[in-house]
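Below is entry-v8.txt, holding compact mmCIF, C-alpha atoms.
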```txt
# COMPACT_ATOMS: atom_id res chain seq x y z
CA MET A 286 26.30 -60.36 228.32
CA GLY A 287 23.94 -57.46 227.93
CA SER A 288 20.51 -58.24 229.24
CA VAL A 289 17.04 -56.77 229.08
CA ASP A 290 17.18 -56.97 232.89
CA GLU A 291 19.30 -53.81 232.75
CA PHE A 292 16.21 -51.86 231.72
CA SER A 293 13.23 -50.48 233.61
CA LEU A 294 10.02 -52.52 233.69
CA PRO A 295 8.23 -50.36 231.09
CA VAL A 296 11.20 -50.72 228.72
CA ARG A 297 11.33 -54.49 229.31
CA ILE A 298 7.65 -54.80 228.50
CA PHE A 299 8.12 -52.68 225.37
CA LEU A 300 11.02 -54.84 224.22
CA ARG A 301 8.99 -58.01 224.84
CA VAL A 302 6.12 -56.93 222.59
CA TYR A 303 8.13 -54.92 220.06
CA PRO A 304 7.89 -56.25 216.47
CA TRP A 305 11.59 -56.68 215.72
CA ARG A 306 12.46 -56.44 212.02
CA ARG A 307 13.60 -59.81 210.73
CA ILE A 308 16.23 -59.64 207.98
CA ASP A 309 15.17 -62.25 205.45
CA PRO A 310 16.93 -63.28 203.35
CA VAL A 311 20.16 -62.49 205.15
CA PRO A 312 22.56 -60.84 202.68
CA TRP A 313 26.16 -61.98 202.68
CA THR A 314 29.28 -60.45 201.20
CA PRO A 315 32.28 -62.72 201.68
CA LEU A 316 35.56 -61.13 202.61
CA ALA A 317 37.13 -60.80 199.17
CA LYS A 318 40.73 -60.33 200.25
CA PRO A 319 42.89 -60.46 203.37
CA LEU A 320 42.04 -57.89 206.01
CA ALA A 321 45.56 -56.55 205.69
CA ASP A 322 44.50 -55.36 202.22
CA CYS A 323 41.11 -53.95 203.28
CA ARG A 324 39.79 -50.44 203.83
CA VAL A 325 37.65 -50.24 206.96
CA ALA A 326 34.91 -47.88 208.12
CA LEU A 327 33.07 -47.69 211.42
CA VAL A 328 29.34 -47.34 211.88
CA SER A 329 28.32 -46.41 215.41
CA SER A 330 24.82 -45.90 216.74
CA ALA A 331 25.98 -43.97 219.81
CA GLY A 332 24.57 -40.66 218.59
CA PHE A 333 27.91 -38.85 218.43
CA VAL A 334 28.23 -35.61 216.46
CA LEU A 335 31.00 -33.08 215.96
CA PRO A 336 30.57 -29.59 217.45
CA GLU A 337 29.74 -28.07 214.07
CA GLN A 338 27.12 -30.71 213.25
CA PRO A 339 23.44 -30.65 214.24
CA PRO A 340 22.62 -32.95 217.14
CA PHE A 341 20.38 -35.94 216.59
CA ASP A 342 16.77 -35.00 217.19
CA GLY A 343 15.39 -36.90 220.13
CA SER A 344 11.93 -35.45 219.58
CA ILE A 345 11.24 -37.27 216.31
CA ARG A 346 8.55 -39.88 216.83
CA GLY A 347 9.97 -43.30 215.95
CA GLY A 348 13.53 -42.03 216.05
CA ASP A 349 15.94 -39.89 214.05
CA VAL A 350 17.14 -42.03 211.12
CA SER A 351 19.68 -39.50 209.84
CA PHE A 352 23.43 -40.03 210.05
CA ARG A 353 26.53 -37.87 210.25
CA ASP A 354 29.89 -38.26 208.55
CA ILE A 355 32.68 -38.29 211.11
CA PRO A 356 36.13 -37.70 209.57
CA SER A 357 38.45 -40.52 210.52
CA ASP A 358 41.05 -38.05 211.75
CA ALA A 359 38.58 -36.53 214.22
CA SER A 360 39.68 -36.40 217.82
CA THR A 361 37.48 -38.58 220.01
CA ALA A 362 37.63 -35.80 222.62
CA THR A 363 35.61 -33.56 220.29
CA LEU A 364 32.72 -35.99 219.84
CA ILE A 365 29.47 -34.93 221.51
CA ASP A 366 26.98 -37.52 222.73
CA THR A 367 23.48 -36.56 221.57
CA HIS A 368 21.90 -40.00 222.04
CA ARG A 369 18.44 -39.49 223.52
CA SER A 370 18.11 -42.78 225.39
CA ALA A 371 18.11 -42.75 229.17
CA SER A 372 18.04 -46.56 229.19
CA PHE A 373 21.80 -47.00 229.31
CA ASP A 374 24.72 -45.52 231.20
CA HIS A 375 26.43 -42.85 229.10
CA THR A 376 29.31 -42.17 231.49
CA GLY A 377 31.67 -44.75 229.98
CA MET A 378 31.52 -43.35 226.49
CA HIS A 379 31.79 -39.81 227.86
CA ALA A 380 35.06 -40.83 229.49
CA ASP A 381 36.28 -42.57 226.33
CA ALA A 382 34.35 -42.31 223.06
CA ASN A 383 36.37 -45.24 221.71
CA LEU A 384 34.20 -47.44 223.89
CA ALA A 385 31.34 -46.98 221.39
CA PHE A 386 33.08 -45.36 218.42
CA PRO A 387 36.63 -46.79 218.31
CA ILE A 388 38.17 -44.22 216.00
CA ASP A 389 41.57 -44.37 217.66
CA ARG A 390 41.54 -48.16 217.80
CA VAL A 391 40.99 -48.62 214.05
CA ARG A 392 43.82 -46.21 213.33
CA GLU A 393 46.00 -48.40 215.53
CA LEU A 394 44.87 -51.45 213.52
CA VAL A 395 46.53 -49.87 210.49
CA ALA A 396 49.72 -49.26 212.46
CA ARG A 397 49.61 -52.91 213.58
CA GLY A 398 49.22 -54.09 209.98
CA ARG A 399 45.90 -55.78 210.74
CA ILE A 400 44.02 -53.70 208.13
CA ALA A 401 45.29 -51.72 205.15
CA SER A 402 43.59 -48.39 205.77
CA VAL A 403 40.83 -46.50 207.49
CA ASN A 404 38.24 -44.82 205.31
CA HIS A 405 38.36 -41.02 205.33
CA ARG A 406 35.00 -40.99 207.12
CA HIS A 407 33.00 -43.07 209.53
CA LEU A 408 29.24 -42.92 210.00
CA SER A 409 27.34 -41.99 213.12
CA PHE A 410 23.71 -42.85 213.77
CA MET A 411 21.53 -42.55 216.84
CA GLY A 412 20.20 -46.00 217.43
CA SER A 413 17.07 -45.26 219.38
CA ILE A 414 14.93 -45.98 216.33
CA THR A 415 11.64 -47.70 217.11
CA ALA A 416 10.14 -47.13 213.63
CA PRO A 417 12.96 -48.14 211.26
CA GLY A 418 11.03 -48.00 207.98
CA ARG A 419 12.80 -44.87 206.72
CA LEU A 420 16.13 -46.21 207.92
CA ILE A 421 15.62 -49.37 205.85
CA ARG A 422 14.20 -47.57 202.83
CA ASP A 423 16.25 -44.36 202.71
CA THR A 424 19.15 -43.65 205.01
CA ALA A 425 20.78 -47.08 205.32
CA PRO A 426 20.92 -47.44 201.51
CA GLU A 427 22.34 -43.92 201.22
CA ALA A 428 24.93 -44.67 203.90
CA ALA A 429 25.90 -47.85 202.05
CA ARG A 430 26.17 -46.01 198.73
CA GLN A 431 28.55 -43.51 200.31
CA LEU A 432 30.80 -46.19 201.74
CA VAL A 433 30.76 -48.14 198.46
CA SER A 434 31.77 -44.97 196.61
CA ASP A 435 34.61 -44.57 199.10
CA GLY A 436 35.92 -48.03 198.24
CA VAL A 437 35.25 -49.46 201.70
CA ASP A 438 35.73 -53.23 201.94
CA VAL A 439 34.71 -53.83 205.54
CA ALA A 440 32.44 -52.09 208.03
CA LEU A 441 32.51 -52.60 211.79
CA LEU A 442 29.24 -51.72 213.46
CA VAL A 443 28.93 -50.80 217.11
CA PRO A 444 25.68 -50.25 219.01
CA VAL A 445 25.33 -48.93 222.53
CA MET B 1429 16.93 -50.47 219.59
CA CYS B 1430 20.59 -49.68 218.94
CA ASN B 1431 21.23 -53.34 218.33
CA GLN B 1432 18.47 -53.52 215.72
CA ALA B 1433 19.57 -50.28 214.03
CA VAL B 1434 23.12 -51.46 213.39
CA CYS B 1435 21.83 -54.84 212.22
CA LEU B 1436 19.61 -53.16 209.64
CA VAL B 1437 22.45 -50.93 208.43
CA ALA B 1438 24.76 -53.94 208.27
CA ALA B 1439 22.28 -55.78 206.08
CA GLU B 1440 22.13 -52.90 203.62
CA LEU B 1441 25.91 -52.63 203.52
CA GLU B 1442 26.13 -56.33 202.71
CA ARG B 1443 23.51 -55.99 199.99
CA GLN B 1444 25.73 -53.35 198.40
CA GLY B 1445 28.89 -55.44 198.65
CA ILE B 1446 30.56 -54.44 201.90
CA ALA B 1447 31.42 -57.20 204.36
CA THR B 1448 30.26 -56.38 207.88
CA VAL B 1449 30.44 -57.52 211.45
CA ALA B 1450 28.17 -56.02 214.09
CA VAL B 1451 28.91 -56.01 217.79
CA GLN B 1452 25.76 -57.07 219.65
CA LEU B 1453 24.74 -56.65 223.28
CA LEU B 1454 21.48 -58.62 223.27
CA ARG B 1455 21.50 -62.17 221.96
CA GLU B 1456 17.72 -62.37 221.74
CA VAL B 1457 17.57 -59.28 219.53
CA ALA B 1458 20.29 -60.50 217.16
CA GLU B 1459 18.60 -63.90 216.93
CA ARG B 1460 15.36 -62.24 215.91
CA VAL B 1461 16.76 -59.54 213.61
CA ARG B 1462 19.53 -61.73 212.11
CA PRO B 1463 22.42 -59.49 211.03
CA PRO B 1464 24.80 -61.19 208.58
CA ARG B 1465 27.65 -61.45 211.10
CA ALA B 1466 27.39 -60.62 214.78
CA LEU B 1467 29.76 -60.79 217.74
CA PHE B 1468 27.95 -61.05 221.08
CA VAL B 1469 29.87 -59.31 223.83
CA PRO B 1470 29.43 -59.82 227.59
CA PHE B 1471 29.15 -56.14 228.38
CA ARG B 1472 26.26 -53.97 229.48
CA HIS B 1473 24.58 -51.37 227.34
CA GLY B 1474 26.70 -48.29 226.84
CA TYR B 1475 29.90 -50.37 227.05
CA PRO B 1476 30.05 -52.30 223.76
CA LEU B 1477 33.85 -52.58 223.70
CA GLY B 1478 34.21 -53.28 227.39
CA VAL B 1479 36.09 -50.78 229.49
CA PRO B 1480 36.64 -47.04 228.92
CA GLY B 1481 40.32 -46.20 228.64
CA ASP B 1482 41.35 -49.86 228.25
CA ALA B 1483 42.74 -49.86 224.73
CA GLU B 1484 43.92 -53.46 224.85
CA ARG B 1485 40.51 -54.75 225.95
CA GLN B 1486 38.93 -52.75 223.15
CA HIS B 1487 41.45 -54.19 220.71
CA ALA B 1488 40.67 -57.69 221.93
CA VAL B 1489 37.00 -57.18 221.11
CA LEU B 1490 37.78 -55.64 217.73
CA ASP B 1491 40.14 -58.48 216.91
CA ALA B 1492 37.45 -61.01 217.77
CA ALA B 1493 35.09 -59.15 215.44
CA LEU B 1494 37.67 -59.21 212.67
CA ARG B 1495 38.15 -62.94 213.17
CA VAL B 1496 34.42 -63.42 212.60
CA LEU B 1497 34.95 -61.75 209.22
CA GLU B 1498 37.88 -64.03 208.44
CA ASP B 1499 36.14 -67.27 209.39
CA ARG B 1500 35.21 -68.81 206.08
CA ALA B 1501 33.33 -71.64 207.78
CA LEU B 1502 30.58 -69.27 208.91
CA ALA B 1503 27.31 -68.86 207.05
CA PRO B 1504 24.58 -66.23 207.41
CA PRO B 1505 23.31 -65.36 209.93
CA ALA B 1506 26.58 -65.90 211.79
CA LEU B 1507 26.22 -65.31 215.52
CA VAL B 1508 29.45 -65.73 217.48
CA ASP B 1509 30.08 -65.30 221.22
CA TYR B 1510 32.99 -63.21 222.43
CA VAL B 1511 34.77 -65.14 225.13
CA LEU B 1512 35.97 -62.87 227.93
CA THR B 1513 39.49 -63.73 229.07
CA GLY B 1514 41.92 -62.19 231.51
```

Translate this structure into structure tokens?
Amino acid sequence: MGSVDEFSLPVRIFLRVYPWRRIDPVPWTPLAKPLADCRVALVSSAGFVLPEQPPFDGSIRGGDVSFRDIPSDASTATLIDTHRSASFDHTGMHADANLAFPIDRVRELVARGRIASVNHRHLSFMGSITAPGRLIRDTAPEAARQLVSDGVDVALLVPV
Amino acid sequence: MCNQAVCLVAAELERQGIATVAVQLLREVAERVRPPRALFVPFRHGYPLGVPGDAERQHAVLDAALRVLEDRALAPPALVDYVLTG
């Protein structure tokens, strides 16, 4: 299990006093049909971008709440890690981006018949967001609108 | 912070009608933030699906996440532990 003990003392103290956002009420969309009939999208907070996309901006106070579209046929080898956090080990996801953005794995889920299809795009955020007000108010709703317009049934979300 | 960010995005997706499951690395964060569906994994930060280059381990985690979605007995907030095997 991940643990706050992985972090430095200043980070542990920050996490102890940080005012976590409580989702209340908790929204709930039941799975409306078998997964084998569902279209799936990924949402990763690993800060990956494609070479032609601007990197996430680690200098923004409170965090960069923007997101990037990652085409589902992108090669994981082309993804660039622009996550600003030094609080976790990046070497695993540099060796294999699927570890935090399992683009290849969800394609294989289609081949295995577990899901019907992969959406034409996935979404990439950089999760080091300490002030999530604009994420809640602006970019998360916009991200959701895009996936709704794509006809996505299910989203798998992966933090780092 | 990554854990909270994906929880908040998951909540908005659910509000707009998309079913979600969020991998989570810190139980205490998920318990406080309360994403609709979460799968706790026994991996350290930076390694949410386990082992780089181990496709079957990654599939095992993804399949566990998909089973959280399929479990009609769960109610929000649904917080499920991934049991490491093998």

Proximity of chain B to chain A: per-residue shortest pair, 7 Å limit, all atoms listed in the file, as CSV:
```
residue,atom,partner,partner_atom,distance
B:Met1429,CA,A:Ser413,CA,5.2
B:Cys1430,CA,A:Gly412,CA,4.0
B:Asn1431,CA,A:Pro444,CA,5.5
B:Ala1433,CA,A:Gly412,CA,5.5
B:Val1434,CA,A:Leu442,CA,6.1
B:Leu1436,CA,A:Ile421,CA,6.7
B:Val1437,CA,A:Ala425,CA,5.2
B:Ala1439,CA,A:Pro312,CA,6.1
B:Glu1440,CA,A:Pro426,CA,6.0
B:Leu1441,CA,A:Ala429,CA,5.0
B:Glu1442,CA,A:Thr314,CA,5.4
B:Arg1443,CA,A:Pro312,CA,5.6
B:Gln1444,CA,A:Ala429,CA,6.6
B:Gly1445,CA,A:Thr314,CA,5.6
B:Ile1446,CA,A:Asp438,CA,5.3
B:Ala1447,CA,A:Val439,CA,4.9
B:Thr1448,CA,A:Ala440,CA,4.8
B:Val1449,CA,A:Leu441,CA,5.3
B:Ala1450,CA,A:Leu442,CA,4.5
B:Val1451,CA,A:Val443,CA,5.3
B:Gln1452,CA,A:Pro444,CA,6.9
B:Leu1453,CA,A:Gly287,CA,4.8
B:Leu1454,CA,A:Gly287,CA,5.4
B:Arg1460,CA,A:Arg307,CA,6.0
B:Val1461,CA,A:Arg307,CA,4.3
B:Arg1462,CA,A:Ile308,CA,5.7
B:Pro1463,CA,A:Ile308,CA,6.9
B:Pro1464,CA,A:Val311,CA,5.9
B:Val1469,CA,A:Met286,CA,5.8
B:Pro1470,CA,A:Met286,CA,3.3
B:Phe1471,CA,A:Met286,CA,5.1
B:Arg1472,CA,A:Gly287,CA,4.5
B:His1473,CA,A:Val445,CA,5.4
B:Gly1474,CA,A:Val445,CA,4.6
B:Tyr1475,CA,A:Leu384,CA,6.1
B:Pro1476,CA,A:Val445,CA,5.9
B:Leu1477,CA,A:Leu384,CA,5.2
B:Gly1478,CA,A:Leu384,CA,6.8
B:Val1479,CA,A:Leu384,CA,6.8
B:Pro1480,CA,A:Asp381,CA,5.2
B:Gly1481,CA,A:Asp381,CA,5.9
B:His1487,CA,A:Arg390,CA,6.7
B:Leu1497,CA,A:Leu316,CA,6.7
B:Glu1498,CA,A:Leu316,CA,6.9
B:Pro1504,CA,A:Val311,CA,6.2
B:Pro1505,CA,A:Val311,CA,6.4
```

Spatial neighbours of A:Pro356, max dist 10 Å, all atoms listed in the file, sep filter under 6 positions, as a list in words: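 Counting only the stated atoms, we get Leu335, Ile388, Asn404, His405, Arg406, His407 and Leu408 of chain A.
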
Would you mind exporting the chosen residues as a compact mmCIF listing (two decimals), in the frame of the given file, restricted to C-alpha atoms?
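Output saved as selection-v9.txt:
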```txt
# COMPACT_ATOMS: atom_id res chain seq x y z
CA LEU A 335 31.00 -33.08 215.96
CA ILE A 388 38.17 -44.22 216.00
CA ASN A 404 38.24 -44.82 205.31
CA HIS A 405 38.36 -41.02 205.33
CA ARG A 406 35.00 -40.99 207.12
CA HIS A 407 33.00 -43.07 209.53
CA LEU A 408 29.24 -42.92 210.00
```

Pairwise distance for atom CA of B:Arg1495 and atom CA of B:Val1511, rounded to one decimal in Å: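 Atom CA of B:Val1511 lies 12.6 Å from atom CA of B:Arg1495.
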
One-decimal distance in Å that lies between atom CA of A:Asp322 and atom CA of A:Gln431: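 Between these atoms lies a distance of 20.0 Å.
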
Straight-line distance linking atom CA of A:Phe333 with atom CA of A:Ser351, stated in Å to one decimal: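 Value for the atom CA of A:Phe333-atom CA of A:Ser351 distance: 11.9 Å.
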
If we count all atoms listed in the file and set the cut-off at 8 Å, which residues sit around A:Gly343, ignoring sequence neighbours fewer than 3 positions away in its own chain? Please answer as a CSV table (one decimal) with C-alpha atoms, keeping the file's coordinate frame.
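selection.csv, freshly written:
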```csv
chain,number,residue,atom,x,y,z
A,348,GLY,CA,13.5,-42.0,216.0
A,349,ASP,CA,15.9,-39.9,214.0
A,368,HIS,CA,21.9,-40.0,222.0
A,369,ARG,CA,18.4,-39.5,223.5
```

Residue contacts of B:Ala1488 (10 Å, all atoms listed in the file) excluding same-chain residues fewer than 3 positions away, as a list in words: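 Surrounding residues, per the criterion: Leu1477, Gly1478, Ala1483, Glu1484, Arg1485, Asp1491, Ala1492, Ala1493, Leu1494, Tyr1510, Leu1512 and Thr1513 of chain B.
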
Nearest-residue call for B:Ala1503, choices B:Ala1438, B:Leu1490, B:Arg1465, B:Arg1455, using only C-alpha atoms: B:Arg1465

Neighbour list for A:Glu337 as an MDAnalysis selection string, cut-off 12 Å, all atoms listed in the file, skip fewer than 5 positions in-chain: chainID A and resid 353:355 363:365

Hey, can I get the axis-aligned box for stretch 1484-1495 of chain B? All listed atoms, 5 Å padding on each side, centre and edge lengths in Å to one decimal, as lines of an AutoDock Vina configuration file.
```
center_x = 39.5
center_y = -57.8
center_z = 219.3
size_x = 18.8
size_y = 20.2
size_z = 23.3
```

Starting from the incomplete input, reconstruct N, CA and C atoms of stretch 1439-1473 of chain B and write that as a PDB file, in the coordinates of the input.
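Here's the written file selection_28.pdb:
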```pdb
ATOM      1  N   ALA B1439      22.904 -55.036 207.172  1.00  0.00           N
ATOM      2  CA  ALA B1439      22.280 -55.780 206.080  1.00  0.00           C
ATOM      3  C   ALA B1439      22.333 -55.007 204.777  1.00  0.00           C
ATOM      4  N   GLU B1440      22.084 -53.698 204.849  1.00  0.00           N
ATOM      5  CA  GLU B1440      22.130 -52.900 203.620  1.00  0.00           C
ATOM      6  C   GLU B1440      23.555 -52.799 203.082  1.00  0.00           C
ATOM      7  N   LEU B1441      24.517 -52.658 203.966  1.00  0.00           N
ATOM      8  CA  LEU B1441      25.910 -52.630 203.520  1.00  0.00           C
ATOM      9  C   LEU B1441      26.270 -53.933 202.805  1.00  0.00           C
ATOM     10  N   GLU B1442      25.833 -55.045 203.356  1.00  0.00           N
ATOM     11  CA  GLU B1442      26.130 -56.330 202.710  1.00  0.00           C
ATOM     12  C   GLU B1442      25.441 -56.446 201.354  1.00  0.00           C
ATOM     13  N   ARG B1443      24.211 -55.950 201.279  1.00  0.00           N
ATOM     14  CA  ARG B1443      23.510 -55.990 199.990  1.00  0.00           C
ATOM     15  C   ARG B1443      24.284 -55.219 198.928  1.00  0.00           C
ATOM     16  N   GLN B1444      24.988 -54.177 199.358  1.00  0.00           N
ATOM     17  CA  GLN B1444      25.730 -53.350 198.400  1.00  0.00           C
ATOM     18  C   GLN B1444      27.199 -53.759 198.290  1.00  0.00           C
ATOM     19  N   GLY B1445      27.571 -54.876 198.909  1.00  0.00           N
ATOM     20  CA  GLY B1445      28.890 -55.440 198.650  1.00  0.00           C
ATOM     21  C   GLY B1445      29.966 -55.157 199.665  1.00  0.00           C
ATOM     22  N   ILE B1446      29.583 -54.673 200.834  1.00  0.00           N
ATOM     23  CA  ILE B1446      30.560 -54.440 201.900  1.00  0.00           C
ATOM     24  C   ILE B1446      30.386 -55.516 202.969  1.00  0.00           C
ATOM     25  N   ALA B1447      31.467 -56.183 203.303  1.00  0.00           N
ATOM     26  CA  ALA B1447      31.420 -57.200 204.360  1.00  0.00           C
ATOM     27  C   ALA B1447      31.320 -56.506 205.719  1.00  0.00           C
ATOM     28  N   THR B1448      30.502 -57.050 206.596  1.00  0.00           N
ATOM     29  CA  THR B1448      30.260 -56.380 207.880  1.00  0.00           C
ATOM     30  C   THR B1448      30.371 -57.372 209.038  1.00  0.00           C
ATOM     31  N   VAL B1449      30.639 -56.797 210.200  1.00  0.00           N
ATOM     32  CA  VAL B1449      30.440 -57.520 211.450  1.00  0.00           C
ATOM     33  C   VAL B1449      29.890 -56.508 212.451  1.00  0.00           C
ATOM     34  N   ALA B1450      28.844 -56.915 213.152  1.00  0.00           N
ATOM     35  CA  ALA B1450      28.170 -56.020 214.090  1.00  0.00           C
ATOM     36  C   ALA B1450      28.357 -56.541 215.516  1.00  0.00           C
ATOM     37  N   VAL B1451      28.909 -55.693 216.370  1.00  0.00           N
ATOM     38  CA  VAL B1451      28.910 -56.010 217.790  1.00  0.00           C
ATOM     39  C   VAL B1451      27.447 -56.030 218.254  1.00  0.00           C
ATOM     40  N   GLN B1452      27.129 -56.979 219.151  1.00  0.00           N
ATOM     41  CA  GLN B1452      25.760 -57.070 219.650  1.00  0.00           C
ATOM     42  C   GLN B1452      25.765 -57.278 221.165  1.00  0.00           C
ATOM     43  N   LEU B1453      24.826 -56.612 221.821  1.00  0.00           N
ATOM     44  CA  LEU B1453      24.740 -56.650 223.280  1.00  0.00           C
ATOM     45  C   LEU B1453      23.568 -57.490 223.767  1.00  0.00           C
ATOM     46  N   LEU B1454      22.650 -57.820 222.889  1.00  0.00           N
ATOM     47  CA  LEU B1454      21.480 -58.620 223.270  1.00  0.00           C
ATOM     48  C   LEU B1454      21.328 -59.795 222.310  1.00  0.00           C
ATOM     49  N   ARG B1455      21.594 -60.997 222.821  1.00  0.00           N
ATOM     50  CA  ARG B1455      21.500 -62.170 221.960  1.00  0.00           C
ATOM     51  C   ARG B1455      20.106 -62.342 221.384  1.00  0.00           C
ATOM     52  N   GLU B1456      19.078 -62.116 222.220  1.00  0.00           N
ATOM     53  CA  GLU B1456      17.720 -62.370 221.740  1.00  0.00           C
ATOM     54  C   GLU B1456      17.330 -61.428 220.597  1.00  0.00           C
ATOM     55  N   VAL B1457      17.866 -60.213 220.622  1.00  0.00           N
ATOM     56  CA  VAL B1457      17.570 -59.280 219.530  1.00  0.00           C
ATOM     57  C   VAL B1457      18.280 -59.730 218.244  1.00  0.00           C
ATOM     58  N   ALA B1458      19.543 -60.074 218.363  1.00  0.00           N
ATOM     59  CA  ALA B1458      20.290 -60.500 217.160  1.00  0.00           C
ATOM     60  C   ALA B1458      19.685 -61.775 216.576  1.00  0.00           C
ATOM     61  N   GLU B1459      19.210 -62.677 217.445  1.00  0.00           N
ATOM     62  CA  GLU B1459      18.600 -63.900 216.930  1.00  0.00           C
ATOM     63  C   GLU B1459      17.312 -63.609 216.171  1.00  0.00           C
ATOM     64  N   ARG B1460      16.614 -62.586 216.611  1.00  0.00           N
ATOM     65  CA  ARG B1460      15.360 -62.240 215.910  1.00  0.00           C
ATOM     66  C   ARG B1460      15.628 -61.429 214.644  1.00  0.00           C
ATOM     67  N   VAL B1461      16.540 -60.449 214.743  1.00  0.00           N
ATOM     68  CA  VAL B1461      16.760 -59.540 213.610  1.00  0.00           C
ATOM     69  C   VAL B1461      17.664 -60.180 212.558  1.00  0.00           C
ATOM     70  N   ARG B1462      18.670 -60.944 212.988  1.00  0.00           N
ATOM     71  CA  ARG B1462      19.530 -61.730 212.110  1.00  0.00           C
ATOM     72  C   ARG B1462      20.456 -60.886 211.224  1.00  0.00           C
ATOM     73  N   PRO B1463      21.385 -60.133 211.837  1.00  0.00           N
ATOM     74  CA  PRO B1463      22.420 -59.490 211.030  1.00  0.00           C
ATOM     75  C   PRO B1463      23.303 -60.553 210.378  1.00  0.00           C
ATOM     76  N   PRO B1464      23.958 -60.194 209.275  1.00  0.00           N
ATOM     77  CA  PRO B1464      24.800 -61.190 208.580  1.00  0.00           C
ATOM     78  C   PRO B1464      25.867 -61.809 209.474  1.00  0.00           C
ATOM     79  N   ARG B1465      26.634 -60.944 210.164  1.00  0.00           N
ATOM     80  CA  ARG B1465      27.650 -61.450 211.100  1.00  0.00           C
ATOM     81  C   ARG B1465      27.539 -60.626 212.384  1.00  0.00           C
ATOM     82  N   ALA B1466      27.490 -61.325 213.505  1.00  0.00           N
ATOM     83  CA  ALA B1466      27.390 -60.620 214.780  1.00  0.00           C
ATOM     84  C   ALA B1466      28.360 -61.219 215.784  1.00  0.00           C
ATOM     85  N   LEU B1467      28.937 -60.356 216.610  1.00  0.00           N
ATOM     86  CA  LEU B1467      29.760 -60.790 217.740  1.00  0.00           C
ATOM     87  C   LEU B1467      29.043 -60.362 219.020  1.00  0.00           C
ATOM     88  N   PHE B1468      28.590 -61.345 219.797  1.00  0.00           N
ATOM     89  CA  PHE B1468      27.950 -61.050 221.080  1.00  0.00           C
ATOM     90  C   PHE B1468      29.029 -60.753 222.108  1.00  0.00           C
ATOM     91  N   VAL B1469      28.872 -59.671 222.821  1.00  0.00           N
ATOM     92  CA  VAL B1469      29.870 -59.310 223.830  1.00  0.00           C
ATOM     93  C   VAL B1469      29.215 -59.323 225.221  1.00  0.00           C
ATOM     94  N   PRO B1470      29.996 -59.674 226.242  1.00  0.00           N
ATOM     95  CA  PRO B1470      29.430 -59.820 227.590  1.00  0.00           C
ATOM     96  C   PRO B1470      29.472 -58.521 228.376  1.00  0.00           C
ATOM     97  N   PHE B1471      29.072 -57.448 227.740  1.00  0.00           N
ATOM     98  CA  PHE B1471      29.150 -56.140 228.380  1.00  0.00           C
ATOM     99  C   PHE B1471      27.759 -55.514 228.419  1.00  0.00           C
ATOM    100  N   ARG B1472      27.581 -54.589 229.360  1.00  0.00           N
ATOM    101  CA  ARG B1472      26.260 -53.970 229.480  1.00  0.00           C
ATOM    102  C   ARG B1472      26.094 -52.859 228.449  1.00  0.00           C
ATOM    103  N   HIS B1473      24.876 -52.424 228.287  1.00  0.00           N
ATOM    104  CA  HIS B1473      24.580 -51.370 227.340  1.00  0.00           C
ATOM    105  C   HIS B1473      25.354 -50.100 227.686  1.00  0.00           C
TER     106      HIS B1473
END
```
